[in-house]
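Single-structure report; data block below.
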Amino acid sequence: MEGAIKDWRNDIYKVFKELDITMVSHVPDAGHTPLINLCEKDNEIDVVTLTTEQDGVGLSCGAFAGGRKSALLMQSSGVGNCINALALPNICRIPFLTLVSMRGEWGEFVPWQVPMGLGTPKVLEAMDVKVFRADYKEEVGSTVDAAARFAFNTNRSAAVLLSQKMIGAKQFKNG
Amino acid sequence: MIERRPFVQKILKNRKSNLRVISGLGTSTWDLMSGGDNTGNFGFIGAMGQAIPFSLGLAMSQPNLRILLFTGDGDTLMSLGSIATVANHPVSNLSIVVLDNESYVETGSQPTATAGKTDLEVVAKGSGISNSYTITSENDFDKVINTIYEEEGPSLVVAKCQAKATPLVFPHSFDGSVSINRFMSSIKS
């Protein structure tokens with residue numbers, strides 16, 4: 001199981017390498033941690049820890065203006081923070097790629113995660129972001145590859161929602 | 001107090017070929033454009049709060065260029081966390097000049113937090129940008145030029161400005177894709 005979980009993050013990492021994505025920004029989420037660790041070990045990838053997800057949109061656009069491709073990693077709760085910032089890649093036709101680990105959908109324990117979990121695909125689509133989704137680990141690599149190519153080939157924004165079913169619902173225990 | 005438009009124009013005059021200039025939305029963009037059309041400029045007209053992270057991404061991608069951001073106190077206050085991000089992912093080639101007029105002049109001159117108790121130099125220093133200082137007069141022009149071109153960044157200069165409306169000077173295009181592609185051509189060439 002451990003190996004299987006590690007594998008789909010490796011598949012994302014391989015897409016980053018193949019498509020020359022050399023900047024990865026994030027507000028961390030447990031679901032992204034193995035991928036963040038892989039990127040941090042890679043001297044060719046700059047990992048930028050943000051204070052709010054929306055800054056990853058501007059950072060990514062500035063990096064592209066300077067000739068580098070990047071990706072923003074965040075949890076579904078962070079998507080709401082990005083709405084107005086998403087105007088920037090939209091109006092400038094700058095490719096923008098984000099990978100979103102989903103909460104509030106599959107076996108969720110925390111009620112506070114549900115509103116933004118339900119809202120995530122809707123607000124992304126409201127801002128003209130093409131939404132892709134991976135429910136099974138076998139399809140993560142091909143889905144991220146497709147979303148990244150969509151973004152960088154058509155100069156549009158793309159998001160991949162990584163389902164909570166695949167990541168595993170976080171359970172809180174006392175004691 | 002500094003008169004912002006002549007101050008910005010003076011900084012842009014005789015600009016060196018390794019300088020690229022970004023401006024935050026609103027008055028800062030009209031200020032930048034008032035210095036004359038230049039493909040090495042990119043001005044925000046929306047996406048408030050994104051000029052600082054954009055400039056960080058650009059500076060990280062083009063370490064051999066000097067990146068200058070002109071932005072206002074309103075734009076900066078919307079993204080205070082990005083100052084911490086700049087400090088912790090240091091880029092030696094980034095200078096941020098905040099044209100701090102202590103008000104939202106574009107919308108009717110409502111006071112910002114810097115008209116009250118907030119000091120952006122202290123915010124920058126507390127966030128970890130040690131190269132931060134405040135100027136209140138054009139006499140400090142040479143110091144700012146030295147910061148922009150020579151000093152180890154990142155830096156954040158708070159330029160205390162008069163709060164008065166200035167004429168609108170629009171960029172070459174309002175179409176963001178035209179503006180960014182033009183700007184990117186100045187980097188490739």
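Residues in the structure tokens are named by chain (A, B, ... in the order shown) and by number from 1 within that chain; ligands are numbered from 1 in the order shown.
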
Using DSSP on the backbone coordinates, identify the residues of segment 2-133 of chain A assigned to helix (DSSP H, G or I); present them as a ChimeraX atom specification.
-> /A:2-18,30-40,54-65,76-82,84-92,111-126

Residues of chain B within 7 Å of chain A, only C-alpha atoms counted, as a ChimeraX atom specification | /B:47,50-51,53-58,61-62,81-82,85,89,176-177,180,184

With only C-alpha atoms as the atoms that count, which of A:Ile167, A:Ile45, A:Ala148, A:Val131 lies nearest to Met60 of chain B?
-> A:Ile45

Tell me, as a PyMOL selection string, which residues lie within 12 Å of segment 141-144 of chain B, counting only C-alpha atoms; anything in the same chain fewer than 2 positions away does not count.
-> chain B and resi 2+4+6-12+68+95-98+131-139+146-151+155-159

Running DSSP on the backbone, which parts of segment 78-110 of chain A land in strand (DSSP E or B), as a PyMOL selection string?
-> chain A and resi 96-101

Spatial neighbours of Ala87 of chain B, max dist 7 Å, only C-alpha atoms, sep filter under 6 positions, as a VMD selection string | chain B and resid 127 to 129

May I have the residues from that selection written out with C-alpha atoms, as a PDB file, in the first residue's frame?
ATOM      1  CA  SER B 127       9.045  39.635   7.411  1.00  0.00           C
ATOM      2  CA  GLY B 128      12.763  39.213   6.839  1.00  0.00           C
ATOM      3  CA  ILE B 129      13.639  41.779   4.156  1.00  0.00           C
TER       4      ILE B 129
END

Selection near Lys130 of chain A, 7 Å with only C-alpha atoms, sequence-local residues under 6 positions removed, as a short mmCIF file (atom, residue, chain, number, x, y, z; two decimals) with C-alpha atoms, in the first residue's frame:
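And here's result.cif as it stands now:
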data_model
loop_
_atom_site.label_atom_id
_atom_site.label_comp_id
_atom_site.auth_asym_id
_atom_site.auth_seq_id
_atom_site.Cartn_x
_atom_site.Cartn_y
_atom_site.Cartn_z
CA SER A 157 -5.62 27.44 -17.00
CA ALA A 158 -6.04 23.81 -15.98
CA ALA A 159 -6.64 22.08 -12.66
#
